[in-house]
$ cat target.cif   # mmCIF, C-alpha atoms
data_target
loop_
_atom_site.group_PDB
_atom_site.id
_atom_site.type_symbol
_atom_site.label_atom_id
_atom_site.label_comp_id
_atom_site.auth_asym_id
_atom_site.auth_seq_id
_atom_site.Cartn_x
_atom_site.Cartn_y
_atom_site.Cartn_z
ATOM 1 C CA MET H 1 -21.109 2.964 -45.653
ATOM 2 C CA LYS H 2 -22.598 5.935 -43.851
ATOM 3 C CA LYS H 3 -20.531 8.774 -45.244
ATOM 4 C CA LYS H 4 -19.577 10.091 -41.803
ATOM 5 C CA SER H 5 -17.725 6.852 -41.011
ATOM 6 C CA ILE H 6 -15.130 7.606 -43.702
ATOM 7 C CA PHE H 7 -14.291 10.767 -41.758
ATOM 8 C CA VAL H 8 -13.667 8.538 -38.739
ATOM 9 C CA PHE H 9 -11.391 6.275 -40.784
ATOM 10 C CA LEU H 10 -9.317 9.109 -42.253
ATOM 11 C CA LEU H 11 -8.954 10.800 -38.880
ATOM 12 C CA SER H 12 -7.701 7.643 -37.208
ATOM 13 C CA PHE H 13 -5.379 6.749 -40.080
ATOM 14 C CA PHE H 14 -3.367 9.929 -39.575
ATOM 15 C CA LEU H 15 -2.655 8.764 -36.030
ATOM 16 C CA MET H 16 -0.988 5.627 -37.364
ATOM 17 C CA ILE H 17 1.113 7.642 -39.811
ATOM 18 C CA ASP H 18 2.392 9.774 -36.967
ATOM 19 C CA CYS H 19 3.191 6.740 -34.834
ATOM 20 C CA GLN H 20 4.891 4.992 -37.725
ATOM 21 C CA SER H 21 7.099 8.024 -38.354
ATOM 22 C CA ASN H 22 8.151 8.075 -34.705
ATOM 23 C CA SER H 23 8.646 4.317 -34.335
ATOM 24 C CA ILE H 24 10.858 3.734 -37.390
ATOM 25 C CA ALA H 25 14.009 4.691 -35.557
ATOM 26 C CA ASN H 26 12.845 3.375 -32.178
ATOM 27 C CA SER H 27 14.287 -0.057 -31.298
ATOM 28 C CA ASP H 28 13.490 0.070 -27.561
ATOM 29 C CA THR H 29 11.117 -2.741 -26.516
ATOM 30 C CA THR H 30 10.412 -1.555 -22.961
ATOM 31 C CA LEU H 31 6.844 -0.485 -22.262
ATOM 32 C CA ASN H 32 6.745 3.295 -22.402
ATOM 33 C CA LYS H 33 4.163 4.280 -19.803
ATOM 34 C CA LYS H 34 4.323 7.952 -20.785
ATOM 35 C CA LYS H 35 3.477 7.100 -24.387
ATOM 36 C CA LEU H 36 0.726 4.753 -23.206
ATOM 37 C CA ALA H 37 -0.804 7.469 -21.037
ATOM 38 C CA TRP H 38 -0.505 9.978 -23.890
ATOM 39 C CA ILE H 39 -2.129 7.576 -26.379
ATOM 40 C CA GLY H 40 -4.915 6.677 -23.958
ATOM 41 C CA SER H 41 -5.781 10.287 -23.193
ATOM 42 C CA SER H 42 -5.426 11.319 -26.843
ATOM 43 C CA GLU H 43 -7.738 8.560 -28.061
ATOM 44 C CA PHE H 44 -10.284 9.484 -25.407
ATOM 45 C CA LEU H 45 -10.168 13.157 -26.417
ATOM 46 C CA ILE H 46 -10.236 12.443 -30.160
ATOM 47 C CA ALA H 47 -13.075 9.938 -29.865
ATOM 48 C CA GLY H 48 -15.087 12.199 -27.580
ATOM 49 C CA SER H 49 -14.497 15.290 -29.696
ATOM 50 C CA SER H 50 -15.382 13.515 -32.938
ATOM 51 C CA LEU H 51 -18.615 12.155 -31.448
ATOM 52 C CA ILE H 52 -19.557 15.634 -30.259
ATOM 53 C CA ALA H 53 -18.708 16.995 -33.724
ATOM 54 C CA LEU H 54 -20.858 14.345 -35.378
ATOM 55 C CA ASP H 55 -23.735 15.218 -33.058
ATOM 56 C CA ARG H 56 -23.440 18.957 -33.714
ATOM 57 C CA ILE H 57 -22.545 18.942 -37.414
ATOM 58 C CA TRP H 58 -24.287 15.807 -38.693
ATOM 59 C CA TYR H 59 -27.093 14.582 -36.432
ATOM 60 C CA SER H 60 -28.418 18.009 -35.464
ATOM 61 C CA LYS H 61 -29.885 18.396 -38.970
ATOM 62 C CA TYR H 62 -32.281 15.460 -38.497
ATOM 63 C CA PRO H 63 -35.282 14.829 -36.220
ATOM 64 C CA LYS H 64 -34.660 12.710 -33.137
ATOM 65 C CA THR H 65 -36.807 9.774 -32.040
ATOM 66 C CA SER H 66 -36.825 6.867 -29.589
ATOM 67 C CA PHE H 67 -34.222 4.149 -30.093
ATOM 68 C CA HIS H 68 -35.099 1.807 -32.954
ATOM 69 C CA THR H 69 -33.510 -0.655 -35.365
ATOM 70 C CA PHE H 70 -33.304 -0.302 -39.132
ATOM 71 C CA ASN H 71 -32.907 -3.004 -41.780
ATOM 72 C CA ASP H 72 -30.752 -1.590 -44.574
ATOM 73 C CA SER H 73 -29.084 -4.878 -45.531
ATOM 74 C CA LYS H 74 -30.308 -4.640 -49.144
ATOM 75 C CA ASP H 75 -29.265 -1.042 -49.763
ATOM 76 C CA TRP H 76 -26.716 -0.116 -52.448
ATOM 77 C CA LEU H 77 -26.148 -3.779 -53.416
ATOM 78 C CA GLN H 78 -24.297 -4.136 -50.076
ATOM 79 C CA MET H 79 -21.560 -1.690 -51.091
ATOM 80 C CA ASP H 80 -22.074 0.236 -47.855
ATOM 81 C CA LYS H 81 -21.653 -2.985 -45.843
ATOM 82 C CA VAL H 82 -18.328 -3.708 -47.506
ATOM 83 C CA GLY H 83 -17.382 -0.122 -46.726
ATOM 84 C CA HIS H 84 -18.209 -0.680 -43.062
ATOM 85 C CA GLY H 85 -15.961 -3.736 -43.062
ATOM 86 C CA VAL H 86 -13.075 -1.799 -44.590
ATOM 87 C CA THR H 87 -13.501 1.074 -42.125
ATOM 88 C CA SER H 88 -13.609 -1.207 -39.062
ATOM 89 C CA TYR H 89 -10.609 -3.160 -40.374
ATOM 90 C CA TYR H 90 -8.468 -0.038 -40.634
ATOM 91 C CA ILE H 91 -9.653 1.449 -37.362
ATOM 92 C CA SER H 92 -8.519 -1.790 -35.694
ATOM 93 C CA TYR H 93 -5.264 -1.641 -37.657
ATOM 94 C CA VAL H 94 -4.674 1.964 -36.648
ATOM 95 C CA ASN H 95 -5.471 1.346 -32.990
ATOM 96 C CA TYR H 96 -3.142 -1.644 -32.882
ATOM 97 C CA GLU H 97 -0.274 0.339 -34.420
ATOM 98 C CA VAL H 98 -0.891 3.211 -32.027
ATOM 99 C CA PHE H 99 -0.764 0.989 -28.945
ATOM 100 C CA ASN H 100 2.076 -1.071 -30.396
ATOM 101 C CA TRP H 101 4.056 2.174 -30.622
ATOM 102 C CA THR H 102 4.061 2.240 -26.812
ATOM 103 C CA ASN H 103 5.729 -1.223 -26.772
ATOM 104 C CA LEU H 104 2.648 -2.807 -25.252
ATOM 105 C CA SER H 105 2.716 -6.592 -25.708
ATOM 106 C CA LYS H 106 1.349 -7.853 -29.017
ATOM 107 C CA ASN H 107 -1.712 -9.576 -27.568
ATOM 108 C CA LYS H 108 -2.634 -6.612 -25.381
ATOM 109 C CA ALA H 109 -2.172 -4.199 -28.286
ATOM 110 C CA ILE H 110 -4.428 -6.373 -30.456
ATOM 111 C CA LEU H 111 -7.087 -6.709 -27.756
ATOM 112 C CA ILE H 112 -7.140 -3.076 -26.650
ATOM 113 C CA GLY H 113 -6.763 -1.689 -30.168
ATOM 114 C CA SER H 114 -9.566 -3.795 -31.647
ATOM 115 C CA ALA H 115 -11.866 -3.383 -28.642
ATOM 116 C CA THR H 116 -11.577 0.405 -28.547
ATOM 117 C CA GLY H 117 -12.170 0.660 -32.289
ATOM 118 C CA LEU H 118 -15.228 -1.589 -32.129
ATOM 119 C CA ALA H 119 -16.574 0.283 -29.101
ATOM 120 C CA TYR H 120 -16.274 3.561 -31.004
ATOM 121 C CA LEU H 121 -18.110 2.232 -34.055
ATOM 122 C CA THR H 122 -20.791 0.664 -31.851
ATOM 123 C CA THR H 123 -21.346 4.044 -30.201
ATOM 124 C CA ILE H 124 -21.982 5.584 -33.628
ATOM 125 C CA GLU H 125 -24.454 2.817 -34.473
ATOM 126 C CA ILE H 126 -26.287 3.432 -31.179
ATOM 127 C CA MET H 127 -26.427 7.143 -31.982
ATOM 128 C CA ASP H 128 -27.971 6.255 -35.351
ATOM 129 C CA GLY H 129 -30.681 4.375 -33.475
ATOM 130 C CA PHE H 130 -32.068 7.628 -32.046
ATOM 131 C CA TYR H 131 -32.722 9.358 -35.387
ATOM 132 C CA ASN H 132 -35.565 8.956 -37.887
ATOM 133 C CA GLU H 133 -33.194 9.109 -40.836
ATOM 134 C CA TRP H 134 -31.419 5.898 -39.817
ATOM 135 C CA GLY H 135 -31.606 3.394 -36.984
ATOM 136 C CA PHE H 136 -29.419 0.836 -35.288
ATOM 137 C CA SER H 137 -28.400 -1.531 -38.096
ATOM 138 C CA TYR H 138 -27.589 -5.154 -37.282
ATOM 139 C CA SER H 139 -26.070 -5.598 -40.728
ATOM 140 C CA ASP H 140 -23.773 -2.615 -40.143
ATOM 141 C CA MET H 141 -22.675 -4.132 -36.845
ATOM 142 C CA GLY H 142 -22.105 -7.486 -38.548
ATOM 143 C CA ALA H 143 -19.891 -5.824 -41.157
ATOM 144 C CA ASN H 144 -18.008 -3.974 -38.405
ATOM 145 C CA LEU H 145 -17.360 -7.247 -36.576
ATOM 146 C CA LEU H 146 -16.114 -8.939 -39.752
ATOM 147 C CA GLY H 147 -13.679 -6.104 -40.423
ATOM 148 C CA VAL H 148 -12.335 -6.164 -36.876
ATOM 149 C CA GLY H 149 -12.170 -9.964 -36.980
ATOM 150 C CA LEU H 150 -10.169 -9.992 -40.209
ATOM 151 C CA PHE H 151 -7.514 -7.750 -38.677
ATOM 152 C CA THR H 152 -7.462 -9.411 -35.257
ATOM 153 C CA THR H 153 -7.152 -13.032 -36.425
ATOM 154 C CA GLN H 154 -4.345 -12.247 -38.865
ATOM 155 C CA GLN H 155 -2.367 -10.206 -36.384
ATOM 156 C CA TYR H 156 -2.756 -12.865 -33.687
ATOM 157 C CA PHE H 157 -1.933 -15.944 -35.775
ATOM 158 C CA TRP H 158 0.440 -14.495 -38.410
ATOM 159 C CA ASP H 159 1.730 -11.354 -36.693
ATOM 160 C CA GLU H 160 1.159 -9.544 -39.996
ATOM 161 C CA GLN H 161 -1.611 -8.588 -42.406
ATOM 162 C CA ARG H 162 -1.335 -10.994 -45.315
ATOM 163 C CA LEU H 163 -4.833 -10.060 -46.464
ATOM 164 C CA LYS H 164 -5.461 -6.324 -46.615
ATOM 165 C CA LEU H 165 -8.647 -4.486 -47.472
ATOM 166 C CA LYS H 166 -8.167 -1.635 -49.921
ATOM 167 C CA PHE H 167 -10.114 1.063 -51.725
ATOM 168 C CA SER H 168 -10.115 2.639 -55.178
ATOM 169 C CA PHE H 169 -12.341 5.134 -56.978
ATOM 170 C CA GLN H 170 -13.061 6.437 -60.450
ATOM 171 C CA LYS H 171 -15.878 8.755 -61.523
ATOM 172 C CA SER H 172 -19.026 6.884 -62.526
ATOM 173 C CA GLY H 173 -20.799 9.772 -64.214
ATOM 174 C CA LEU H 174 -23.997 9.044 -62.252
ATOM 175 C CA ALA H 175 -23.657 11.785 -59.655
ATOM 176 C CA GLN H 176 -25.087 14.233 -62.207
ATOM 177 C CA TYR H 177 -28.510 12.644 -61.745
ATOM 178 C CA ARG H 178 -28.616 13.012 -57.946
ATOM 179 C CA PRO H 179 -25.721 15.212 -56.804
ATOM 180 C CA GLU H 180 -27.340 15.788 -53.409
ATOM 181 C CA LEU H 181 -27.087 12.044 -52.752
ATOM 182 C CA LEU H 182 -24.064 10.935 -54.798
ATOM 183 C CA GLY H 183 -21.921 14.023 -54.406
ATOM 184 C CA ASP H 184 -21.451 17.427 -55.981
ATOM 185 C CA GLY H 185 -17.831 17.501 -57.138
ATOM 186 C CA ILE H 186 -15.086 14.898 -57.142
ATOM 187 C CA TYR H 187 -14.248 15.105 -53.427
ATOM 188 C CA GLU H 188 -17.843 14.487 -52.355
ATOM 189 C CA GLN H 189 -18.237 11.744 -54.942
ATOM 190 C CA ILE H 190 -15.260 9.801 -53.582
ATOM 191 C CA LEU H 191 -17.134 9.608 -50.278
ATOM 192 C CA LYS H 192 -20.712 9.326 -51.506
ATOM 193 C CA ASP H 193 -20.889 7.681 -54.935
ATOM 194 C CA TYR H 194 -20.937 3.912 -54.446
ATOM 195 C CA ASN H 195 -21.013 3.495 -58.236
ATOM 196 C CA GLY H 196 -17.431 4.736 -58.484
ATOM 197 C CA GLN H 197 -16.041 2.902 -55.469
ATOM 198 C CA THR H 198 -14.317 -0.478 -55.571
ATOM 199 C CA TYR H 199 -13.297 -2.425 -52.481
ATOM 200 C CA TRP H 200 -10.483 -4.969 -52.664
ATOM 201 C CA LEU H 201 -9.161 -7.964 -50.767
ATOM 202 C CA SER H 202 -5.438 -7.777 -51.504
ATOM 203 C CA ALA H 203 -3.468 -10.946 -50.711
ATOM 204 C CA ASN H 204 0.305 -10.876 -50.366
ATOM 205 C CA ILE H 205 1.510 -13.856 -52.402
ATOM 206 C CA HIS H 206 5.032 -14.010 -50.932
ATOM 207 C CA SER H 207 3.759 -14.482 -47.369
ATOM 208 C CA PHE H 208 1.949 -17.705 -48.343
ATOM 209 C CA LEU H 209 4.977 -19.259 -50.097
ATOM 210 C CA ASN H 210 8.080 -20.998 -48.811
ATOM 211 C CA LYS H 211 10.380 -18.648 -46.902
ATOM 212 C CA LYS H 212 13.174 -19.340 -49.390
ATOM 213 C CA THR H 213 11.113 -18.213 -52.362
ATOM 214 C CA ARG H 214 12.436 -15.426 -54.571
ATOM 215 C CA PHE H 215 8.959 -14.258 -55.480
ATOM 216 C CA PRO H 216 8.784 -10.443 -55.003
ATOM 217 C CA LYS H 217 7.509 -9.509 -51.556
ATOM 218 C CA TRP H 218 5.459 -6.574 -52.793
ATOM 219 C CA ILE H 219 3.258 -8.235 -55.455
ATOM 220 C CA ASN H 220 -0.319 -8.990 -54.350
ATOM 221 C CA LEU H 221 -3.292 -10.739 -55.903
ATOM 222 C CA ALA H 222 -6.400 -8.564 -55.565
ATOM 223 C CA LEU H 223 -10.079 -9.505 -55.700
ATOM 224 C CA GLY H 224 -12.448 -6.556 -56.014
ATOM 225 C CA TYR H 225 -16.136 -5.831 -55.552
ATOM 226 C CA GLY H 226 -18.108 -2.906 -56.921
ATOM 227 C CA ALA H 227 -21.556 -1.976 -58.188
ATOM 228 C CA ASP H 228 -23.012 0.329 -60.825
ATOM 229 C CA GLY H 229 -26.252 1.825 -62.101
ATOM 230 C CA MET H 230 -27.465 2.935 -58.658
ATOM 231 C CA ILE H 231 -29.128 6.295 -58.032
ATOM 232 C CA GLY H 232 -31.058 5.071 -55.003
ATOM 233 C CA GLY H 233 -30.553 2.769 -52.036
ATOM 234 C CA THR H 234 -32.827 -0.201 -52.783
ATOM 235 C CA ALA H 235 -34.167 0.887 -56.186
ATOM 236 C CA ASN H 236 -33.729 3.655 -58.738
ATOM 237 C CA ASP H 237 -36.274 6.408 -58.275
ATOM 238 C CA TYR H 238 -36.292 7.843 -61.779
ATOM 239 C CA THR H 239 -38.498 10.765 -60.785
ATOM 240 C CA LEU H 240 -35.444 12.205 -58.986
ATOM 241 C CA CYS H 241 -33.138 12.289 -62.020
ATOM 242 C CA ASN H 242 -33.173 16.066 -62.314
ATOM 243 C CA GLY H 243 -35.409 15.682 -65.364
ATOM 244 C CA ASP H 244 -32.757 13.777 -67.339
ATOM 245 C CA PRO H 245 -34.467 10.906 -69.242
ATOM 246 C CA SER H 246 -31.161 9.123 -69.980
ATOM 247 C CA CYS H 247 -31.118 7.737 -66.450
ATOM 248 C CA LEU H 248 -34.099 5.535 -67.368
ATOM 249 C CA ASN H 249 -31.631 3.144 -69.033
ATOM 250 C CA LEU H 250 -29.637 2.490 -65.864
ATOM 251 C CA LYS H 251 -29.284 -1.138 -64.819
ATOM 252 C CA ARG H 252 -28.206 -1.942 -61.279
ATOM 253 C CA SER H 253 -25.379 -4.469 -61.413
ATOM 254 C CA ARG H 254 -22.672 -6.070 -59.292
ATOM 255 C CA GLN H 255 -19.060 -6.082 -60.437
ATOM 256 C CA PHE H 256 -16.335 -8.536 -59.481
ATOM 257 C CA TYR H 257 -12.671 -7.973 -60.349
ATOM 258 C CA ILE H 258 -9.453 -9.967 -60.531
ATOM 259 C CA SER H 259 -6.280 -7.894 -60.613
ATOM 260 C CA LEU H 260 -2.803 -7.424 -59.202
ATOM 261 C CA ASP H 261 -1.787 -4.972 -56.512
ATOM 262 C CA ALA H 262 1.404 -3.626 -54.942
ATOM 263 C CA ASP H 263 2.010 -3.662 -51.204
ATOM 264 C CA LEU H 264 4.528 -0.848 -51.059
ATOM 265 C CA THR H 265 5.111 -1.390 -47.338
ATOM 266 C CA LYS H 266 6.887 -4.664 -48.214
ATOM 267 C CA ILE H 267 9.636 -2.775 -50.035
ATOM 268 C CA GLU H 268 12.694 -2.168 -47.838
ATOM 269 C CA TRP H 269 12.886 1.591 -48.157
ATOM 270 C CA LYS H 270 16.034 3.261 -46.871
ATOM 271 C CA ASN H 271 14.379 6.641 -46.888
ATOM 272 C CA LYS H 272 12.252 7.420 -43.818
ATOM 273 C CA PHE H 273 9.909 9.634 -45.821
ATOM 274 C CA MET H 274 9.116 6.765 -48.214
ATOM 275 C CA LYS H 275 8.342 4.459 -45.291
ATOM 276 C CA VAL H 276 5.863 6.957 -43.898
ATOM 277 C CA LEU H 277 4.415 7.707 -47.349
ATOM 278 C CA THR H 278 3.809 4.046 -48.210
ATOM 279 C CA THR H 279 2.093 3.592 -44.855
ATOM 280 C CA SER H 280 -0.120 6.623 -45.421
ATOM 281 C CA ILE H 281 -1.384 5.358 -48.792
ATOM 282 C CA GLY H 282 -1.486 1.716 -47.750
ATOM 283 C CA PHE H 283 -5.293 1.572 -47.978
ATOM 284 C CA ILE H 284 -5.302 2.571 -51.670
ATOM 285 C CA LYS H 285 -5.328 -0.119 -54.364
ATOM 286 C CA ILE H 286 -2.522 0.472 -56.871
ATOM 287 C CA PRO H 287 -3.818 0.584 -60.495
ATOM 288 C CA PHE H 288 -3.172 -2.547 -62.609
ATOM 289 C CA PRO H 289 -4.906 -4.358 -65.472
ATOM 290 C CA ALA H 290 -8.084 -6.073 -64.268
ATOM 291 C CA LEU H 291 -10.680 -8.592 -65.423
ATOM 292 C CA GLU H 292 -14.223 -7.460 -64.625
ATOM 293 C CA ILE H 293 -17.004 -10.028 -64.248
ATOM 294 C CA ASN H 294 -20.244 -8.077 -64.377
ATOM 295 C CA THR H 295 -23.843 -9.251 -63.942
ATOM 296 C CA ASN H 296 -24.571 -7.482 -67.228
ATOM 297 C CA GLN H 297 -21.314 -8.164 -69.107
ATOM 298 C CA SER H 298 -17.646 -9.063 -68.569
ATOM 299 C CA LYS H 299 -14.686 -7.095 -69.879
ATOM 300 C CA PHE H 300 -10.951 -6.572 -69.506
ATOM 301 C CA HIS H 301 -9.436 -3.271 -68.388
ATOM 302 C CA TRP H 302 -5.851 -2.537 -69.374
ATOM 303 C CA PHE H 303 -5.630 -0.038 -66.543
ATOM 304 C CA TYR H 304 -8.151 -0.078 -63.723
ATOM 305 C CA PHE H 305 -8.348 2.032 -60.578
#
$ encode --input "target.cif" --output "structure tokens"
Amino acid sequence: MKKKSIFVFLLSFFLMIDCQSNSIANSDTTLNKKKLAWIGSSEFLIAGSSLIALDRIWYSKYPKTSFHTFNDSKDWLQMDKVGHGVTSYYISYVNYEVFNWTNLSKNKAILIGSATGLAYLTTIEIMDGFYNEWGFSYSDMGANLLGVGLFTTQQYFWDEQRLKLKFSFQKSGLAQYRPELLGDGIYEQILKDYNGQTYWLSANIHSFLNKKTRFPKWINLALGYGADGMIGGTANDYTLCNGDPSCLNLKRSRQFYISLDADLTKIEWKNKFMKVLTTSIGFIKIPFPALEINTNQSKFHWFYF
């Protein structure tokens, strides 16, 4: 995922937290036109301001060119594509919750929320198309559409998110070789180091069982995807290892995981703070034991995040 898109995701997620905190005690179902106008104008201002910020802070550092496309479908063992899917999923989720807060009808909230999120991401992709460093990526757009589609179809047919996309991270130790690319310090590495990131499809088991089941509502089955041994996009350029010969032994590999997860939003919290808190961390995979199936080797983790 282009690192700037995580900024977009985090910014939009805070909007949903705020709306959730205000809607918990709100049982009115009448369309609130004042809220709708406030949300519409706020989204316009936030989207416009963030695009201007990206142009000034991010794009201004790179040379501009005529619009062009860019095939990066093989980069980073597709970790960035999965990241795009997760980002677009949550932007759709956030937009839906924001418009749902105004008591807009479900279908309209889904349509407007998903469409505005996709339009925003498409604008960023078009902006990429005017810079030498990147280009308009069809594979990025495909991943964005899949993420939006996963949210939209579930919300329309099930009126809930039985399958959630989640994120986890642990230090890979590879950023030392190329800190300018993989991050200098833990906070940068969370955003930049694909080797330490894992993306999860977390399925709520209870929602697929009989309504009378006593199976806990909050236990999920999680399938994860990650990659390791990468210090470059399509290949490892060992001449850029800061002179450290140990990076010559790196092997690029895919990682698949089977684990459990906890959907804390399914717990009936009586405390308003806990409801808001569990919403705010809802995109994070809760640590559990995990089975890793690796292209180099398979192993079991007693505690994996």
$ atom_distance --input "target.cif" --atom1 "CA of Leu118 (chain H)" --atom2 "CA of Ile91 (chain H)"
8.2 Å
$ resolve_selection --input "target.cif" --expression "the PyMOL selection byres ((chain H and resi 200) around 9)" --output "PyMOL selection string"
chain H and resi 164-168+198-199+201-202+222-226+257+285
$ atom_distance --input "target.cif" --atom1 "CA of Glu97 (chain H)" --atom2 "CA of Leu221 (chain H)"
24.4 Å
$ atom_distance --input "target.cif" --atom1 "CA of Gln161 (chain H)" --atom2 "CA of Leu264 (chain H)"
13.1 Å
$ closest_residue --input "target.cif" --among "H:Gly40, H:Ile258, H:Tyr89, H:Thr265" --to "Leu291 (chain H)" --atoms "all atoms listed in the file"
H:Ile258
$ closest_residue --input "target.cif" --among "H:Phe136, H:Phe151, H:Tyr131, H:Trp38" --to "Gly113 (chain H)" --atoms "all atoms listed in the file"
H:Phe151
$ closest_residue --input "target.cif" --among "H:Phe99, H:Tyr187, H:Tyr59, H:Tyr120" --to "Ile46 (chain H)" --atoms "all atoms listed in the file"
H:Tyr120
$ resolve_selection --input "target.cif" --expression "the PyMOL selection byres ((chain H and resi 78-82) around 8)" --output "list in words"
Met1, Lys2, Ser73, Lys74, Asp75, Trp76, Leu77, Gly83, His84, Gly85, Val86, Ser139, Asp140, Ala143, Tyr194, Tyr199, Gly226 and Ala227 of chain H
$ resolve_selection --input "target.cif" --expression "the PyMOL selection byres ((chain H and resi 176) around 12)" --output "count of residues only"
25
$ closest_residue --input "target.cif" --among "H:Ser207, H:Thr239, H:Ser253, H:Gln297" --to "Lys266 (chain H)" --atoms "all atoms listed in the file"
H:Ser207
$ residues_around --input "target.cif" --residues "Glu292 (chain H)" --least-positions-apart "3" --cutoff "7 Å" --atoms "only C-alpha atoms" --output "PyMOL selection string"
chain H and resi 255-258+298-300
$ closest_residue --input "target.cif" --among "H:Asp159, H:Asp72, H:Asp55, H:Glu133" --to "Lys106 (chain H)" --atoms "only C-alpha atoms"
H:Asp159
$ decode --input "target.cif" --residues "region 199-214 of chain H" --atoms "N, CA and C atoms" --output "tab-separated table (two decimals), in the first residue's frame"
chain	number	residue	atom	x	y	z
H	199	TYR	N	-2.05	-9.08	7.25
H	199	TYR	CA	-3.43	-8.71	7.00
H	199	TYR	C	-4.32	-9.94	7.17
H	200	TRP	N	-5.49	-9.74	7.79
H	200	TRP	CA	-6.33	-10.85	8.20
H	200	TRP	C	-7.75	-10.72	7.66
H	201	LEU	N	-8.34	-11.85	7.31
H	201	LEU	CA	-9.77	-11.96	7.07
H	201	LEU	C	-10.35	-12.65	8.28
H	202	SER	N	-11.09	-11.89	9.09
H	202	SER	CA	-11.59	-12.38	10.38
H	202	SER	C	-13.09	-12.65	10.27
H	203	ALA	N	-13.47	-13.92	10.39
H	203	ALA	CA	-14.85	-14.35	10.20
H	203	ALA	C	-15.53	-14.61	11.54
H	204	ASN	N	-16.66	-13.97	11.75
H	204	ASN	CA	-17.41	-14.17	12.99
H	204	ASN	C	-18.20	-15.47	12.91
H	205	ILE	N	-17.81	-16.44	13.70
H	205	ILE	CA	-18.39	-17.79	13.62
H	205	ILE	C	-19.86	-17.78	14.01
H	206	HIS	N	-20.21	-17.06	15.07
H	206	HIS	CA	-21.57	-17.05	15.60
H	206	HIS	C	-22.58	-16.61	14.54
H	207	SER	N	-22.22	-15.65	13.70
H	207	SER	CA	-23.15	-15.09	12.73
H	207	SER	C	-23.51	-16.08	11.62
H	208	PHE	N	-22.71	-17.14	11.46
H	208	PHE	CA	-22.99	-18.14	10.43
H	208	PHE	C	-23.72	-19.36	10.99
H	209	LEU	N	-23.95	-19.39	12.31
H	209	LEU	CA	-24.60	-20.53	12.95
H	209	LEU	C	-26.08	-20.25	13.19
H	210	ASN	N	-26.77	-21.26	13.66
H	210	ASN	CA	-28.18	-21.11	14.01
H	210	ASN	C	-28.35	-20.02	15.07
H	211	LYS	N	-29.42	-19.26	14.96
H	211	LYS	CA	-29.64	-18.14	15.89
H	211	LYS	C	-29.74	-18.59	17.34
H	212	LYS	N	-30.09	-19.85	17.57
H	212	LYS	CA	-30.24	-20.34	18.93
H	212	LYS	C	-28.92	-20.86	19.52
H	213	THR	N	-27.87	-20.81	18.74
H	213	THR	CA	-26.60	-21.34	19.21
H	213	THR	C	-26.08	-20.57	20.42
H	214	ARG	N	-25.36	-21.28	21.28
H	214	ARG	CA	-24.74	-20.66	22.45
H	214	ARG	C	-23.26	-20.36	22.22
